[in-house]
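Okay, structure first, notes after.
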2 protein chains.
Amino acid sequence: MTTNEAIKERASYRGKYLEEPVSRDALKIIMEAGLAAPSGCNRQTTSIVAVDDSDLLEQIRPLIKRVGATAPALIFVLSEKIASYRGNCYSIQDYSAAIENMLLQITELGYASCWVEGYMTDFKDGVGKQIAKILKIDSKFELVCCLPVGKPAEEIKRVEKKPFEERAWFNLEK
Amino acid sequence: MTTNEAIKERASYRGKYLEEPVSRDALKIIMEAGLAAPSGCNRQTTSIVAVDDSDLLEQIRPLIKRVGATAPALIFVLSEKIASYRGNCYSIQDYSAAIENMLLQITELGYASCWVEGYMTDFKDGVGKQIAKILKIDSKFELVCCLPVGKPAEEIKRVEKKPFEERAWFNLEK
């Protein structure tokens, strides 16, 4: 699949997944794609944990509840707030680029996924913190995102986007 | 180029560019790749302006100074702070995913680029604000990033990254 095809093909999948497992090789390719993303001043503030162990999945799934709860593998994105260019922190940018790389790689490998962030980090649930506890993740990291990975059991629907002309321009001032 | 190849090939290029222009078709493919990125609750908070007009480039280049100043085209990323999931704003995530898509698409098309953000937004320079003024960009947008686009005149160097084992794990708790 070309890059352009993967970019157009990627969609946020919120349906059920088939039980068919995702191989370790595939998970590693996806994780490596995430780690290959750029980061502010190469600070590499993003780390990744993939969960495919059935006991762990059983503990985590009740917390996930909806999007991705049936996926055979879950990738969690961890972020560290490290100062970069001129003392500013670009960790959100860093992990977002890593997530997008992983979503495209997941698409190329024929799997479905969805960027589940707000539900992990929003204080009303504290879901990310609970999952970090189960996985015994070092407290220096914040668990910022869950990417379910698996073969979709339902049709992948695409959201409608505004036309190009409403969001993009050439040489704007004229 | 496969997605995996583009992900591995992408690098932050800070050298000089050849004068060879970037076609409008290529610029549009890159911009469309950016717009195809996901956004929190599909709020589409990211917009894009590509500059290839020689008069405008002449006005903007002295502000760019270093990275990308010789590029035949400059893509500026615009962001709107719009509330999304549970009233939180995910505009940084949105534009970062759009930028990563564009960097991969630029790579696939055989061009070089670099994610230039801090230099645009850091208050010490106010470069982004000055460029937004030249381009008469609507004040509802913040100019958050510049992506130079062009054929590299020098060798593309890759930064070294930590090994996989230091940044990624399977089923961490064991």
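So you can find residues: chains in the structure tokens are A, B, ... in the order shown, residues in each start at 1, and ligands are numbered from 1 in order.
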With the cut-off set at 6 Å and counting only C-alpha atoms, tabulate each residue of chain B with an atom at most that distance from an atom of chain A, showing the nearest atom pair and its distance in Å to one decimal, ordered by chain and increasing number, as a tab-separated table.
residue	atom	partner	partner_atom	distance
B:Met1	CA	A:Thr2	CA	5.4
B:Thr2	CA	A:Thr2	CA	4.3
B:Thr3	CA	A:Thr3	CA	4.2
B:Ser47	CA	A:Arg167	CA	4.7
B:Ile48	CA	A:Ala168	CA	4.7
B:Val49	CA	A:Trp169	CA	4.8
B:Ala50	CA	A:Phe170	CA	4.9
B:Val51	CA	A:Asn171	CA	4.8
B:Gln93	CA	A:Ser96	CA	5.3
B:Ser96	CA	A:Gln93	CA	5.3
B:Ala97	CA	A:Ala97	CA	5.4
B:Glu100	CA	A:Ala97	CA	5.5
B:Leu135	CA	A:Glu173	CA	4.6
B:Lys136	CA	A:Glu173	CA	5.2
B:Arg167	CA	A:Ser47	CA	4.7
B:Ala168	CA	A:Ile48	CA	4.7
B:Trp169	CA	A:Val49	CA	4.8
B:Phe170	CA	A:Ala50	CA	4.8
B:Asn171	CA	A:Val51	CA	4.8
B:Leu172	CA	A:Leu135	CA	5.6
B:Glu173	CA	A:Leu135	CA	4.6
Identify all residues of stretch 17-169 of chain A in strand (DSSP E) (DSSP on the backbone) and supply them as a PDB file with C-alpha atoms, in the first residue's frame.
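Dumped to states_28.pdb:
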ATOM      1  CA  THR A  46       6.991   8.869  23.512  1.00  0.00           C
ATOM      2  CA  SER A  47       7.089   5.236  24.640  1.00  0.00           C
ATOM      3  CA  ILE A  48       4.753   2.362  23.797  1.00  0.00           C
ATOM      4  CA  VAL A  49       3.308  -0.738  25.466  1.00  0.00           C
ATOM      5  CA  ALA A  50       1.463  -3.383  23.465  1.00  0.00           C
ATOM      6  CA  VAL A  51      -0.853  -5.718  25.348  1.00  0.00           C
ATOM      7  CA  ALA A  73      -4.409  -6.335  21.008  1.00  0.00           C
ATOM      8  CA  LEU A  74      -4.229  -2.899  22.602  1.00  0.00           C
ATOM      9  CA  ILE A  75      -1.386  -0.452  22.122  1.00  0.00           C
ATOM     10  CA  PHE A  76      -0.949   2.140  24.861  1.00  0.00           C
ATOM     11  CA  VAL A  77       0.953   5.330  24.213  1.00  0.00           C
ATOM     12  CA  LEU A  78       3.060   6.720  27.070  1.00  0.00           C
ATOM     13  CA  SER A  79       4.347  10.268  27.227  1.00  0.00           C
ATOM     14  CA  GLU A 142       1.405   9.469  31.435  1.00  0.00           C
ATOM     15  CA  LEU A 143      -0.765   6.973  29.559  1.00  0.00           C
ATOM     16  CA  VAL A 144      -2.257   9.264  26.934  1.00  0.00           C
ATOM     17  CA  CYS A 145      -3.840   7.051  24.297  1.00  0.00           C
ATOM     18  CA  CYS A 146      -5.149   3.584  23.501  1.00  0.00           C
ATOM     19  CA  LEU A 147      -4.980   2.165  19.977  1.00  0.00           C
ATOM     20  CA  PRO A 148      -6.959  -1.058  19.608  1.00  0.00           C
ATOM     21  CA  VAL A 149      -5.571  -3.313  16.873  1.00  0.00           C
ATOM     22  CA  ALA A 168      -6.650  24.955   2.329  1.00  0.00           C
ATOM     23  CA  TRP A 169      -5.375  27.817   0.202  1.00  0.00           C
TER      24      TRP A 169
END
Atom-to-atom span, atom CA of B:Ala26 and atom CA of B:Lys129, Å =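 Between atom CA of B:Ala26 and atom CA of B:Lys129 the gap is 26.7 Å.
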So how far away is atom CA of B:Lys81 from atom CA of B:Lys65, in Å?
->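 We find that atom CA of B:Lys65 and atom CA of B:Lys81 lie 28.2 Å from each other.
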Interatomic distance, atom CA of B:Pro152 to atom CA of B:Lys16 (Å, one decimal) | 6.3 Å
